[in-house]
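Okay, so here's the structure we're looking at.
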Amino acid sequence: MDFQFTEEQLAIAEAATGIFEGMVDSDRVQAIEASDDRFDSELWQALADADLLGLGTPESLGGIGGGLVEIGQVLAAQARVVAPVPLHATLVTGVLPIATYGSDELRSTWLPKVAAGEAILTAALADVAVSPTLRPNVIATPEGDGWRLDGVASVVPWAHLANAAVVPARTAEGEVIIALVPLDHPSITLDRAITTNRQIHPNVTFQGTSVESHSILAAPAVGAEALDRILAWAQTGLALLQIGVGEAALEQTAAHLNERTQFGRTLSSFQGTMLRMADAGIDLETVRVTAWQAAWRLDEQMPFNEVVLVAKWQASEKGQRLVHATQHLHGGTGADIGYPIHRYFLWGKQIEVELGSPSLELARLGELIATRPEEVLAR
């Protein structure tokens, strides 16, 4: 893998950083968190005006193209200011599946709206990620030339604002379909739920929700394979967010340690704090390297299962250890839930458990390694 980004990718990162740092500070985040929807609509439109919501959408449909590596530049910039906008839900779990698996009708209907800032997308993946068999809770039953959906999809990110959701469902035969479902259907109800990082991820109930054939992203024959890739995109996207969380948390902690003094010395000069920061810096590098490798392999259509599990485990395990360290190094100030460093702690903890806990990811990685073909193990 070449760890050097292209000029286009660096330009995306620069544009995203300029918007986020120019518009978002801790006071703005706090104000948005106090609102009913917890969504920064002005920031969302600014991202659309800069064409950043067009990432993943082909130029022919009003986007600027690119894949997960390009989207990751924006996710990392977002996480550095913990901005409350549904980028991961919309671009990673919405746009990429539609652009890859959707019909021409679905692509032309939804992707231009996202690029213009006129639509928010999400995906119901939490139940799949924690299932021992990686299968969804929602049940799909044939109905005419389409399907009927029944069941509850748990903690669907931003579903209270999303116009449509990518919904995996299992058939009576144990196969998987993936549908794009508009969330304004009268058979759908939402139960508001608040996550660790103060975002709204409602539980979504489907009660005889009809899905026409043209809204199917993946039929039973290819549904399981498509679901594996969609889940891999989502988990890698979380790891990319953790890069930004870790970078900002370390920067703020370094500034704090250089400003505060004890016994006539700055806190940064004590060996204990230096060692703790060094360990946190190493943790950040493991998250960074594994996340970008996973994103690159997904974009390049290379085998990805193992590297995605590694990236998500590193982001979960090392990411939460990093935010614990940075909050601890703030001393009593770090215990103040209104102080900026606490939000990075919350985001780091949310990423740790979202779409699979570290222990679950490690168990799956161990199973994957244990079942490798003998010729692979011999290399």
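Convention: chains lettered A, B, ... in structure tokens order; per-chain residue numbering from 1; ligands numbered from 1 as shown.
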Give me the segment 180-210 of chain A side of the contact with segment 106-127 of chain A, cut-off 10 Å, one line per residue showing its nearest atom pair and distance in Å at one decimal, counting only C-alpha atoms, sorted by chain and residue number, as JSON lines.
```
{"residue": "A:Leu180", "atom": "CA", "partner": "A:Leu106", "partner_atom": "CA", "distance": 8.5}
{"residue": "A:Val181", "atom": "CA", "partner": "A:Ala123", "partner_atom": "CA", "distance": 9.6}
{"residue": "A:Pro182", "atom": "CA", "partner": "A:Leu121", "partner_atom": "CA", "distance": 9.3}
{"residue": "A:Leu183", "atom": "CA", "partner": "A:Leu121", "partner_atom": "CA", "distance": 9.7}
{"residue": "A:Asn203", "atom": "CA", "partner": "A:Ala124", "partner_atom": "CA", "distance": 9.2}
{"residue": "A:Val204", "atom": "CA", "partner": "A:Ala124", "partner_atom": "CA", "distance": 8.5}
```
Segment 59-190 of chain A: residues DSSP assigns to strand (DSSP E or B), reported as a PyMOL selection string: chain A and resi 65+121-123+139-143+146-153+164-170+176-182+188-190
How would the residues just picked look written out with N, CA and C atoms as a compact mmCIF listing (two decimals), in the first residue's frame?
```
# COMPACT_ATOMS: atom_id res chain seq x y z
N GLY A 65 -17.42 11.82 -7.45
CA GLY A 65 -16.78 10.52 -7.48
C GLY A 65 -16.01 10.22 -6.20
N LEU A 121 -29.34 9.84 4.28
CA LEU A 121 -29.51 8.39 4.20
C LEU A 121 -28.93 7.74 5.45
N THR A 122 -29.32 6.49 5.66
CA THR A 122 -28.77 5.72 6.78
C THR A 122 -28.87 4.25 6.43
N ALA A 123 -28.47 3.39 7.39
CA ALA A 123 -28.55 1.94 7.18
C ALA A 123 -28.80 1.24 8.50
N ILE A 139 -37.44 -9.36 8.94
CA ILE A 139 -37.85 -10.50 8.12
C ILE A 139 -38.41 -10.00 6.79
N ALA A 140 -38.00 -10.64 5.71
CA ALA A 140 -38.49 -10.31 4.37
C ALA A 140 -39.36 -11.46 3.85
N THR A 141 -40.59 -11.12 3.41
CA THR A 141 -41.52 -12.11 2.88
C THR A 141 -41.92 -11.70 1.46
N PRO A 142 -41.86 -12.61 0.50
CA PRO A 142 -42.26 -12.25 -0.87
C PRO A 142 -43.68 -11.71 -0.90
N GLU A 143 -43.88 -10.66 -1.71
CA GLU A 143 -45.20 -10.04 -1.85
C GLU A 143 -45.31 -9.51 -3.27
N GLY A 146 -42.44 -7.92 -5.28
CA GLY A 146 -41.55 -7.28 -4.32
C GLY A 146 -41.49 -8.05 -3.02
N TRP A 147 -41.36 -7.31 -1.91
CA TRP A 147 -41.19 -7.93 -0.60
C TRP A 147 -41.97 -7.15 0.45
N ARG A 148 -42.25 -7.83 1.57
CA ARG A 148 -42.83 -7.19 2.74
C ARG A 148 -41.85 -7.33 3.90
N LEU A 149 -41.61 -6.24 4.61
CA LEU A 149 -40.67 -6.24 5.73
C LEU A 149 -41.41 -6.16 7.06
N ASP A 150 -40.97 -6.99 8.02
CA ASP A 150 -41.52 -6.97 9.37
C ASP A 150 -40.39 -7.16 10.37
N GLY A 151 -40.49 -6.43 11.48
CA GLY A 151 -39.49 -6.57 12.53
C GLY A 151 -38.91 -5.24 12.95
N VAL A 152 -37.99 -5.30 13.90
CA VAL A 152 -37.38 -4.11 14.48
C VAL A 152 -35.90 -4.06 14.13
N ALA A 153 -35.46 -2.95 13.59
CA ALA A 153 -34.04 -2.68 13.37
C ALA A 153 -33.57 -1.74 14.47
N ALA A 164 -34.33 7.93 3.67
CA ALA A 164 -34.40 6.51 3.30
C ALA A 164 -33.29 5.76 4.02
N ALA A 165 -33.51 4.45 4.17
CA ALA A 165 -32.53 3.61 4.86
C ALA A 165 -32.22 2.37 4.03
N VAL A 166 -30.97 1.97 4.04
CA VAL A 166 -30.55 0.69 3.49
C VAL A 166 -30.87 -0.36 4.55
N VAL A 167 -31.76 -1.28 4.21
CA VAL A 167 -32.27 -2.24 5.21
C VAL A 167 -31.99 -3.67 4.75
N PRO A 168 -31.09 -4.38 5.42
CA PRO A 168 -30.94 -5.81 5.16
C PRO A 168 -32.07 -6.57 5.85
N ALA A 169 -32.54 -7.63 5.23
CA ALA A 169 -33.58 -8.46 5.82
C ALA A 169 -33.34 -9.90 5.41
N ARG A 170 -33.79 -10.84 6.26
CA ARG A 170 -33.58 -12.25 5.97
C ARG A 170 -34.88 -12.92 5.57
N VAL A 176 -30.48 -13.44 2.38
CA VAL A 176 -30.52 -12.01 2.70
C VAL A 176 -30.91 -11.20 1.47
N ILE A 177 -31.80 -10.24 1.68
CA ILE A 177 -32.04 -9.22 0.67
C ILE A 177 -31.63 -7.87 1.28
N ILE A 178 -31.35 -6.92 0.42
CA ILE A 178 -31.05 -5.57 0.89
C ILE A 178 -31.93 -4.60 0.11
N ALA A 179 -32.70 -3.81 0.84
CA ALA A 179 -33.65 -2.89 0.22
C ALA A 179 -33.35 -1.46 0.62
N LEU A 180 -33.69 -0.53 -0.26
CA LEU A 180 -33.65 0.89 0.08
C LEU A 180 -35.08 1.31 0.38
N VAL A 181 -35.33 1.68 1.63
CA VAL A 181 -36.71 1.90 2.10
C VAL A 181 -36.91 3.36 2.51
N PRO A 182 -37.79 4.10 1.85
CA PRO A 182 -38.14 5.44 2.32
C PRO A 182 -38.75 5.35 3.72
N ILE A 188 -44.08 2.36 9.11
CA ILE A 188 -42.81 2.44 9.84
C ILE A 188 -42.96 3.36 11.04
N THR A 189 -42.53 2.90 12.19
CA THR A 189 -42.54 3.73 13.39
C THR A 189 -41.14 3.80 13.98
N LEU A 190 -40.84 4.93 14.62
CA LEU A 190 -39.52 5.17 15.21
C LEU A 190 -39.65 5.35 16.71
```
Among listed residues A:Asp145, A:Ala224, A:Leu368, A:Phe39, nearest Ser210 of chain A (using only C-alpha atoms):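 Under the stated criterion, the closest residue is A:Asp145.
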Those in segment 240-279 of chain A with alpha helix (DSSP H) from DSSP, as number ranges by chain: A: 240-259, 271-279
Pick from A:Leu61, A:Ala48, A:Leu53, A:Val24 nearest to Ala99 of chain A, counting only C-alpha atoms: A:Leu61
Per residue of segment 136-252 of chain A within 12 Å of segment 313-336 of chain A, note the shortest atom pair and the distance in Å to one decimal, counting only C-alpha atoms, and order the rows by chain and increasing residue number, as JSON lines.
```
{"residue": "A:Gln235", "atom": "CA", "partner": "A:Ala315", "partner_atom": "CA", "distance": 9.5}
{"residue": "A:Thr236", "atom": "CA", "partner": "A:Ala315", "partner_atom": "CA", "distance": 9.0}
{"residue": "A:Gly237", "atom": "CA", "partner": "A:Ala315", "partner_atom": "CA", "distance": 10.3}
{"residue": "A:Leu238", "atom": "CA", "partner": "A:Ala315", "partner_atom": "CA", "distance": 7.8}
{"residue": "A:Ala239", "atom": "CA", "partner": "A:Ala315", "partner_atom": "CA", "distance": 5.1}
{"residue": "A:Leu240", "atom": "CA", "partner": "A:Ala315", "partner_atom": "CA", "distance": 8.3}
{"residue": "A:Leu241", "atom": "CA", "partner": "A:Ala315", "partner_atom": "CA", "distance": 8.9}
{"residue": "A:Gln242", "atom": "CA", "partner": "A:Ala315", "partner_atom": "CA", "distance": 6.1}
{"residue": "A:Ile243", "atom": "CA", "partner": "A:Ala315", "partner_atom": "CA", "distance": 8.0}
{"residue": "A:Gly244", "atom": "CA", "partner": "A:Gly319", "partner_atom": "CA", "distance": 10.5}
{"residue": "A:Val245", "atom": "CA", "partner": "A:Val323", "partner_atom": "CA", "distance": 8.2}
{"residue": "A:Gly246", "atom": "CA", "partner": "A:Leu322", "partner_atom": "CA", "distance": 6.8}
{"residue": "A:Glu247", "atom": "CA", "partner": "A:Leu322", "partner_atom": "CA", "distance": 9.8}
{"residue": "A:Ala248", "atom": "CA", "partner": "A:Thr326", "partner_atom": "CA", "distance": 10.1}
{"residue": "A:Ala249", "atom": "CA", "partner": "A:Thr326", "partner_atom": "CA", "distance": 6.3}
{"residue": "A:Leu250", "atom": "CA", "partner": "A:Thr326", "partner_atom": "CA", "distance": 6.5}
{"residue": "A:Glu251", "atom": "CA", "partner": "A:Thr326", "partner_atom": "CA", "distance": 9.4}
{"residue": "A:Gln252", "atom": "CA", "partner": "A:Thr326", "partner_atom": "CA", "distance": 8.4}
```
Given only C-alpha atoms as the counted atoms, nearest of A:Asp25, A:Ala226, A:Ser60, A:Val81 to Thr93 of chain A: A:Ala226
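For the set A:Gly348, A:Gly67, A:Gly54, A:Pro97, the residue with the smallest atom-to-atom gap to Leu298 of chain A is A:Gly67, counting only C-alpha atoms.
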For atom CA of Gln73 of chain A and atom CA of Gln4 of chain A, the interatomic separation in Å (one decimal):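 Calculated distance between atom CA of Gln73 of chain A and atom CA of Gln4 of chain A is 12.8 Å.
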Nearest candidate to Ala83 of chain A (options A:Ile64, A:Ala34, A:Val29, A:Leu52; using only C-alpha atoms):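 Of A:Ile64, A:Ala34, A:Val29, A:Leu52, the one nearest Ala83 of chain A is A:Val29, counting only C-alpha atoms.
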Selected residue, from A:Gly56, A:Pro220, A:Pro202, A:Gly18, that lies nearest to Gly72 of chain A when counting only C-alpha atoms: A:Gly56
Interatomic distance, atom CA of Ala172 of chain A to atom CA of Val138 of chain A (Å, one decimal):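 Calculated distance between atom CA of Ala172 of chain A and atom CA of Val138 of chain A is 11.0 Å.
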